[in-house]
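Engineer: upload-v4.csv is the file, holding CSV, C-alpha atoms (C1' of nucleotides):
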chain,number,residue,atom,x,y,z
A,1,MET,CA,26.5,15.0,-25.0
A,2,THR,CA,29.6,14.4,-22.8
A,3,VAL,CA,29.1,12.7,-19.5
A,4,LYS,CA,31.1,13.9,-16.5
A,5,THR,CA,32.9,11.2,-14.6
A,6,VAL,CA,34.5,11.8,-11.2
A,7,LYS,CA,37.2,9.5,-9.9
A,8,TYR,CA,37.9,8.8,-6.2
A,9,GLU,CA,40.8,6.8,-4.9
A,10,ILE,CA,40.5,5.8,-1.3
A,11,GLU,CA,43.7,4.3,0.1
A,12,ASN,CA,45.0,2.3,3.0
A,13,ILE,CA,41.9,0.1,3.4
A,14,THR,CA,42.3,-3.1,5.4
A,15,ASP,CA,39.9,-5.9,6.2
A,16,PHE,CA,37.9,-5.2,3.1
A,17,SER,CA,36.9,-6.9,-0.1
A,18,LEU,CA,34.6,-5.5,-2.7
A,19,LYS,CA,33.6,-8.9,-3.9
A,20,ASP,CA,32.8,-10.2,-0.4
A,21,THR,CA,30.9,-7.0,0.4
A,22,LEU,CA,28.8,-6.8,-2.8
A,23,GLU,CA,28.2,-10.6,-3.2
A,24,CYS,CA,27.1,-11.4,0.4
A,25,GLY,CA,23.4,-10.8,-0.3
A,26,GLN,CA,23.0,-7.4,1.3
A,27,CYS,CA,22.6,-5.5,-1.9
A,28,PHE,CA,21.1,-6.2,-5.3
A,29,ARG,CA,22.2,-3.6,-7.8
A,30,PHE,CA,25.8,-4.5,-8.5
A,31,TYR,CA,27.1,-6.6,-11.3
A,32,GLU,CA,30.7,-7.8,-11.7
A,33,ASP,CA,32.5,-7.2,-15.0
A,34,ASP,CA,35.2,-9.4,-16.6
A,35,LYS,CA,38.0,-7.4,-14.9
A,36,GLY,CA,36.8,-7.9,-11.4
A,37,GLY,CA,35.2,-4.5,-11.1
A,38,TYR,CA,31.6,-3.9,-10.1
A,39,THR,CA,29.1,-1.5,-11.7
A,40,GLY,CA,26.0,-0.5,-10.0
A,41,VAL,CA,23.5,2.3,-9.2
A,42,VAL,CA,23.8,4.2,-5.9
A,43,GLY,CA,21.2,6.8,-5.5
A,44,LYS,CA,21.3,9.0,-8.6
A,45,SER,CA,24.8,7.9,-9.5
A,46,VAL,CA,26.2,5.1,-11.5
A,47,ILE,CA,29.5,3.8,-10.1
A,48,ARG,CA,32.2,1.5,-11.3
A,49,ALA,CA,34.2,0.3,-8.4
A,50,PHE,CA,37.5,-1.7,-8.3
A,51,PHE,CA,39.4,-2.7,-5.3
A,52,CYS,CA,43.1,-3.5,-5.5
A,53,GLU,CA,43.8,-6.0,-2.7
A,54,GLU,CA,47.6,-5.6,-2.6
A,55,GLU,CA,47.5,-1.9,-2.3
A,56,GLY,CA,44.3,-1.6,-0.3
A,57,THR,CA,43.0,1.0,-2.7
A,58,LEU,CA,39.4,1.4,-3.7
A,59,VAL,CA,38.9,3.2,-7.0
A,60,ILE,CA,35.5,4.6,-7.7
A,61,GLU,CA,34.4,6.1,-11.0
A,62,GLU,CA,31.2,8.0,-10.6
A,63,SER,CA,28.8,9.5,-13.1
A,64,GLY,CA,25.5,11.1,-12.6
A,65,GLU,CA,25.0,13.0,-9.4
A,66,GLU,CA,28.3,13.9,-7.7
A,67,LYS,CA,28.3,12.6,-4.2
A,68,GLY,CA,31.9,13.1,-3.1
A,69,ARG,CA,34.5,10.9,-1.5
A,70,GLU,CA,33.0,11.1,2.0
A,71,PHE,CA,29.8,9.6,0.8
A,72,TYR,CA,31.5,6.5,-0.4
A,73,GLU,CA,33.7,6.2,2.7
A,74,GLU,CA,30.4,6.0,4.6
A,75,TYR,CA,28.6,3.9,2.0
A,76,PHE,CA,31.3,1.2,2.1
A,77,ASP,CA,31.7,1.7,5.8
A,78,LEU,CA,35.4,2.2,5.4
A,79,LYS,CA,36.1,4.0,8.7
A,80,ARG,CA,34.9,1.1,11.0
A,81,ASP,CA,37.6,-1.2,12.3
A,82,TYR,CA,36.4,-4.6,11.1
A,83,GLY,CA,39.7,-6.2,12.2
A,84,LYS,CA,38.6,-5.4,15.8
A,85,ILE,CA,35.1,-6.7,15.2
A,86,LYS,CA,36.4,-10.0,13.8
A,87,LYS,CA,38.8,-10.4,16.8
A,88,TYR,CA,36.0,-9.7,19.2
A,89,LEU,CA,33.7,-12.3,17.5
A,90,ILE,CA,36.4,-15.0,17.3
A,91,ASN,CA,37.4,-14.4,20.9
A,92,LYS,CA,33.8,-14.9,22.0
A,93,ASP,CA,33.3,-18.0,19.8
A,94,LYS,CA,36.1,-19.9,18.2
A,95,LYS,CA,33.6,-21.3,15.6
A,96,MET,CA,33.5,-17.9,14.1
A,97,LYS,CA,37.1,-18.2,12.8
A,98,GLU,CA,36.1,-20.5,10.0
A,99,VAL,CA,32.8,-18.7,9.4
A,100,ILE,CA,34.5,-15.3,9.0
A,101,GLU,CA,37.2,-16.8,6.8
A,102,TYR,CA,34.5,-17.3,4.1
A,103,GLY,CA,33.8,-13.6,3.9
A,104,LYS,CA,36.5,-11.8,5.8
A,105,GLY,CA,36.3,-8.8,3.6
A,106,ILE,CA,32.6,-8.1,4.2
A,107,HIS,CA,31.6,-4.6,5.2
A,108,ILE,CA,28.0,-3.7,6.1
A,109,LEU,CA,26.8,-1.2,3.5
A,110,LYS,CA,25.0,2.0,4.4
A,111,GLN,CA,22.3,1.9,1.7
A,112,GLU,CA,19.3,4.2,1.0
A,113,PRO,CA,16.6,3.3,3.5
A,114,PHE,CA,13.7,3.5,1.1
A,115,GLU,CA,15.4,1.4,-1.5
A,116,THR,CA,16.4,-1.1,1.2
A,117,LEU,CA,12.9,-1.3,2.5
A,118,ILE,CA,11.3,-2.0,-0.9
A,119,SER,CA,14.1,-4.3,-1.9
A,120,PHE,CA,13.7,-6.5,1.2
A,121,ILE,CA,10.0,-6.5,0.8
A,122,ILE,CA,10.6,-8.0,-2.6
A,123,SER,CA,13.1,-10.4,-1.0
A,124,GLN,CA,10.6,-12.3,1.0
A,125,ASN,CA,10.1,-16.0,0.0
A,126,ASN,CA,12.3,-15.3,-3.1
A,127,HIS,CA,15.6,-16.0,-4.7
A,128,ILE,CA,18.5,-13.5,-4.8
A,129,LYS,CA,18.8,-13.9,-8.6
A,130,ARG,CA,15.2,-13.1,-9.1
A,131,ILE,CA,15.2,-10.3,-6.5
A,132,LYS,CA,18.0,-8.6,-8.5
A,133,LYS,CA,16.0,-9.0,-11.7
A,134,SER,CA,12.8,-7.6,-10.1
A,135,ILE,CA,14.6,-4.5,-8.7
A,136,LYS,CA,16.3,-3.9,-12.1
A,137,MET,CA,13.0,-4.0,-13.9
A,138,LEU,CA,11.3,-1.8,-11.3
A,139,SER,CA,14.0,0.8,-11.7
A,140,GLU,CA,13.9,0.6,-15.5
A,141,GLU,CA,10.2,1.2,-15.5
A,142,PHE,CA,9.7,3.7,-12.8
A,143,GLY,CA,13.2,5.2,-12.0
A,144,GLU,CA,15.0,8.1,-13.6
A,145,GLU,CA,17.6,7.4,-16.2
A,146,ILE,CA,21.1,8.2,-15.2
A,147,LYS,CA,23.4,9.3,-18.0
A,148,ASP,CA,26.7,7.6,-17.6
A,149,GLY,CA,27.9,7.3,-21.1
A,150,SER,CA,27.9,3.6,-21.3
A,151,THR,CA,26.0,1.6,-23.9
A,152,GLU,CA,23.9,0.0,-21.2
A,153,LYS,CA,21.4,2.3,-19.6
A,154,HIS,CA,21.1,2.7,-15.9
A,155,TYR,CA,18.2,3.8,-13.8
A,156,ALA,CA,17.9,5.2,-10.3
A,157,PHE,CA,15.7,3.3,-7.9
A,158,PRO,CA,12.1,4.8,-8.1
A,159,GLU,CA,11.2,7.7,-5.9
A,160,PRO,CA,8.6,7.0,-3.2
A,161,LYS,CA,6.2,9.5,-4.8
A,162,LYS,CA,6.4,7.5,-8.1
A,163,LEU,CA,5.7,4.2,-6.6
A,164,ALA,CA,3.0,5.6,-4.3
A,165,SER,CA,1.1,6.9,-7.4
A,166,LEU,CA,0.8,3.4,-8.9
A,167,ALA,CA,-2.1,1.0,-8.9
A,168,VAL,CA,-1.4,-2.8,-8.5
A,169,GLY,CA,-2.1,-3.4,-12.1
A,170,ASP,CA,0.8,-1.0,-13.1
A,171,LEU,CA,3.3,-3.5,-11.6
A,172,SER,CA,1.8,-6.6,-13.2
A,173,ASP,CA,4.5,-7.0,-15.9
A,174,ILE,CA,7.3,-7.0,-13.3
A,175,LYS,CA,5.8,-10.2,-11.9
A,176,LEU,CA,6.3,-9.3,-8.2
A,177,GLY,CA,3.6,-11.7,-7.3
A,178,TYR,CA,1.6,-11.0,-4.2
A,179,ARG,CA,4.3,-8.4,-3.1
A,180,ASP,CA,3.1,-5.7,-5.4
A,181,LYS,CA,0.5,-4.3,-3.1
A,182,TYR,CA,3.0,-4.3,-0.2
A,183,ILE,CA,5.3,-2.1,-2.3
A,184,ILE,CA,2.7,0.4,-3.2
A,185,GLU,CA,1.4,0.6,0.4
A,186,ALA,CA,5.0,1.1,1.8
A,187,ALA,CA,5.7,3.8,-0.8
A,188,LYS,CA,2.5,5.6,0.2
A,189,ARG,CA,3.4,5.5,3.8
A,190,VAL,CA,6.9,6.8,3.2
A,191,GLU,CA,5.6,9.5,0.9
A,192,ALA,CA,3.0,10.5,3.6
A,193,ILE,CA,5.7,11.4,6.1
A,194,GLY,CA,8.3,12.4,3.5
A,195,GLU,CA,11.4,10.6,2.6
A,196,GLU,CA,13.6,12.9,4.7
A,197,GLU,CA,11.6,12.1,7.8
A,198,PHE,CA,11.8,8.5,7.0
A,199,LYS,CA,15.6,8.7,6.8
A,200,LYS,CA,15.6,10.3,10.2
A,201,TYR,CA,14.8,6.9,11.7
A,202,ARG,CA,18.5,6.2,11.3
A,203,ASP,CA,19.1,8.4,14.3
A,204,LYS,CA,16.2,7.1,16.5
A,205,CYS,CA,16.6,4.3,18.9
A,206,PHE,CA,16.7,0.7,17.6
A,207,THR,CA,13.5,-0.6,19.1
A,208,GLU,CA,11.5,2.4,18.0
A,209,THR,CA,12.7,2.1,14.4
A,210,LYS,CA,12.2,-1.7,14.5
A,211,SER,CA,8.6,-1.5,15.6
A,212,TYR,CA,8.0,1.4,13.1
A,213,LEU,CA,9.2,-0.8,10.3
A,214,GLU,CA,7.2,-3.8,11.4
A,215,GLY,CA,4.1,-1.6,11.1
A,216,PHE,CA,4.5,-1.7,7.3
A,217,LEU,CA,2.3,-4.2,5.5
A,218,GLY,CA,4.6,-7.0,4.3
A,219,VAL,CA,7.3,-6.2,6.8
A,220,GLY,CA,7.9,-8.8,9.6
A,221,GLU,CA,10.8,-9.4,11.9
A,222,LYS,CA,13.2,-10.6,9.2
A,223,VAL,CA,12.6,-7.9,6.6
A,224,ALA,CA,12.8,-5.3,9.3
A,225,GLY,CA,16.1,-6.7,10.5
A,226,CYS,CA,17.5,-6.3,7.0
A,227,VAL,CA,16.4,-2.7,6.7
A,228,LEU,CA,17.7,-1.9,10.2
A,229,LEU,CA,21.1,-3.4,9.4
A,230,PHE,CA,21.6,-2.5,5.7
A,231,GLY,CA,19.5,0.7,5.4
A,232,PHE,CA,19.6,2.3,8.9
A,233,ASN,CA,23.1,1.0,9.7
A,234,MET,CA,22.1,-0.4,13.0
A,235,MET,CA,24.4,-3.2,14.1
A,236,ALA,CA,21.7,-4.5,16.5
A,237,GLY,CA,19.8,-5.8,13.5
A,238,PHE,CA,19.8,-9.6,13.3
A,239,PRO,CA,17.7,-10.8,10.4
A,240,ILE,CA,17.0,-14.6,10.6
A,241,ASP,CA,16.1,-16.2,7.3
A,242,VAL,CA,16.2,-19.9,6.2
A,243,TRP,CA,20.0,-19.8,5.9
A,244,MET,CA,20.5,-18.3,9.3
A,245,LYS,CA,18.2,-21.0,10.8
A,246,ARG,CA,20.3,-23.7,9.2
A,247,ILE,CA,23.7,-22.4,10.2
A,248,MET,CA,22.5,-21.8,13.8
A,249,ARG,CA,21.3,-25.4,13.9
A,250,GLU,CA,24.6,-26.6,12.4
A,251,LEU,CA,26.7,-24.6,14.9
A,252,TYR,CA,24.7,-24.6,18.1
A,253,GLY,CA,22.1,-27.3,17.6
A,254,VAL,CA,19.2,-24.9,17.8
A,255,SER,CA,15.9,-26.2,16.5
A,256,ILE,CA,15.1,-24.7,13.1
A,257,GLU,CA,11.9,-22.9,14.4
A,258,ASP,CA,13.3,-21.7,17.7
A,259,ARG,CA,13.9,-18.1,16.8
A,260,LYS,CA,14.0,-17.0,20.4
A,261,THR,CA,17.0,-19.1,21.3
A,262,MET,CA,18.8,-17.8,18.2
A,263,GLU,CA,18.3,-14.3,19.4
A,264,GLU,CA,19.6,-15.2,22.8
A,265,ILE,CA,22.7,-16.8,21.4
A,266,SER,CA,23.3,-13.7,19.2
A,267,ILE,CA,23.2,-11.4,22.2
A,268,LYS,CA,25.4,-13.6,24.3
A,269,LEU,CA,28.0,-14.5,21.6
A,270,TYR,CA,28.0,-11.6,19.2
A,271,GLY,CA,27.1,-8.8,21.6
A,272,LYS,CA,27.0,-5.3,20.0
A,273,TYR,CA,28.3,-6.7,16.7
A,274,LYS,CA,25.5,-9.2,16.1
A,275,GLY,CA,24.6,-7.5,12.9
A,276,VAL,CA,28.0,-8.1,11.3
A,277,ALA,CA,28.1,-11.6,12.8
A,278,GLN,CA,24.8,-12.3,11.1
A,279,GLN,CA,26.3,-11.3,7.8
A,280,TYR,CA,29.4,-13.5,8.2
A,281,LEU,CA,27.1,-16.4,9.2
A,282,PHE,CA,24.6,-15.9,6.3
A,283,ASN,CA,27.4,-15.7,3.8
A,284,TYR,CA,29.0,-18.8,5.2
A,285,ALA,CA,25.8,-20.8,5.1
A,286,MET,CA,25.0,-19.6,1.5
A,287,LYS,CA,28.5,-20.2,0.1
A,288,LYS,CA,28.8,-23.7,1.7
A,289,LYS,CA,25.1,-24.4,1.0
A,290,ILE,CA,24.4,-25.7,4.5
A,291,MET,CA,21.2,-27.6,4.4
B,1,DG,C1',7.9,-31.2,-13.3
B,2,DC,C1',9.1,-30.3,-8.7
B,3,DC,C1',11.3,-27.9,-5.0
B,4,DC,C1',12.6,-23.9,-3.1
B,5,DA,C1',13.6,-19.0,-2.0
B,6,DG,C1',17.3,-13.5,2.7
B,7,DG,C1',8.6,-14.5,4.8
B,8,DA,C1',4.5,-12.5,6.2
B,9,DG,C1',-0.6,-12.0,6.6
B,10,DA,C1',-4.9,-14.0,7.8
B,11,DA,C1',-7.7,-17.3,9.8
B,12,DG,C1',-8.5,-20.3,13.4
B,13,DG,C1',-7.5,-22.3,17.5
C,1,DC,C1',-0.2,-16.6,22.5
C,2,DC,C1',0.6,-20.4,18.8
C,3,DT,C1',-0.2,-23.3,14.4
C,4,DT,C1',-1.5,-23.8,9.7
C,5,DC,C1',-2.7,-22.2,5.1
C,6,DT,C1',-2.0,-19.3,1.5
C,7,DC,C1',0.2,-16.1,-1.3
C,8,DA,C1',3.1,-15.6,-7.2
C,9,DT,C1',7.0,-16.5,-9.5
C,10,DG,C1',11.0,-18.4,-11.9
C,11,DG,C1',15.8,-20.3,-11.0
C,12,DG,C1',17.9,-24.7,-10.4
In structure tokens, write the structure found in this file.
Structural biologist:
Amino acid sequence: MTVKTVKYEIENITDFSLKDTLECGQCFRFYEDDKGGYTGVVGKSVIRAFFCEEEGTLVIEESGEEKGREFYEEYFDLKRDYGKIKKYLINKDKKMKEVIEYGKGIHILKQEPFETLISFIISQNNHIKRIKKSIKMLSEEFGEEIKDGSTEKHYAFPEPKKLASLAVGDLSDIKLGYRDKYIIEAAKRVEAIGEEEFKKYRDKCFTETKSYLEGFLGVGEKVAGCVLLFGFNMMAGFPIDVWMKRIMRELYGVSIEDRKTMEEISIKLYGKYKGVAQQYLFNYAMKKKIM
DNA sequence: GCCCAGGAGAAGG
DNA sequence: CCTTCTCATGGG
């Protein structure tokens, strides 16, 4: 059987780096190859992406479902002026100059809401390495295979219906720990209203979507913040995890448990771009291992 | 073998 | 409202 592969070349991209974007901790399904390209599953497609820095050209080879160029321009958030955002942030706080330098090519991805929700439920009290592994195993067991012609098999993220049909015992060999029941409950809840309705929270107001998400078992402020930012594309999302706490203490002397002051600083210094600022900060703290 | 991780729920104050 | 305990697991 031959596998159809579609190729997109998106040109004239500035203020972008595939590496920074895919390795800053916002997504878990991409793996780098020895040529600097990245292969990963997006929805029901497998893509291999390569970004040529000198030309500013992003090349995407897609197999499986054909989503079209527009989809990837949105997925990688290529139409937003990140140069302007970075200037805005540095202008408000000079300390952001060095912070941004560590991940100046970061874009906020527009990922599938359901996959983002489950992924960040898994992320709680967990390591990125193991989160990636768990999501891979979950997809291999309960997701649909995507034929992409490569020797390595790829699987779509499981449908809500599939996960909703499981009992906790069915997830035991994936070793999700205490999170397995959260995942099944979340899937049931999304399945109950329908995935399309769930996606519509993208267009609702921030506070409504936030409190809706926090109503899920296993979803608190931090996980909700990640889903708002990476899944619902809301720049007002400001997830605060251990790394964010450390970097906020380092930069502004905020006490590690004083989440409220951190929120206040984010509004005052980062304004409407606090979501992007958060990702620069998180990336900086991780890469520099600020303790 | 120990510490920790993109935390959150539950119980008790 | 707040504090403390507990929850599984494996990477480093």
Engineer: So that I can see what lies close to DA8 (chain B), please list as a ChimeraX atom specification the residues with an atom at most 9 Å from it, counting only C-alpha atoms (C1' of nucleotides) and leaving out residues fewer than 2 positions away in the same chain.
Structural biologist: /A:124,217-220
Engineer: Kindly give the distance, in Å, that separates CA of Gly68 (chain A) and CA of Lys110 (chain A), rounded to a single decimal.
Structural biologist: 15.1 Å
Engineer: Quick one: which residues from chain A are at most 10 Å off chain B, using all atoms listed in the file, as a ChimeraX atom specification?
Structural biologist: /A:25-26,120-121,123-131,217-223,226,239-244,282,286
Engineer: Find the residues in chain A near chain C: any atom within 7 Å counts, using all atoms listed in the file. Write them as an NGL selection string.
Structural biologist: :A and (175 or 177-178)
Engineer: Work out how far CA of Ser45 (chain A) is from CA of Lys67 (chain A), in Å to one decimal.
Structural biologist: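 Straight-line distance from CA of Lys67 (chain A) to CA of Ser45 (chain A) works out to 7.9 Å.
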Engineer: Grab the CA of Val42 (chain A) to CA of Glu145 (chain A) distance for me, in Å with one decimal place.
Structural biologist: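 Calculated distance between CA of Val42 (chain A) and CA of Glu145 (chain A) is 12.4 Å.
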Engineer: Identify which of the residues A:Val99, A:Ile122, A:Phe114, A:Tyr155 lies closest to Lys181 (chain A), counting all atoms listed in the file when measuring atom-to-atom distances.
Structural biologist: A:Ile122
Engineer: Once 5 Å is added on each side, what are the centre and the three edge lengths, in Å to one decimal, of the axis-aligned box enclosing the listed atoms of chain B? Present them as lines of an AutoDock Vina configuration file.
Structural biologist:
center_x = 4.4
center_y = -21.6
center_z = 2.1
size_x = 35.8
size_y = 29.2
size_z = 40.8
Engineer: Which residues, protein or nucleic acid, reach to within 8 Å of (24.9, 4.9, -15.6) in the file's coordinates when using all atoms listed in the file, and can you give that as a ChimeraX atom specification?
Structural biologist: /A:40-41,45-47,63-64,145-150,152-155
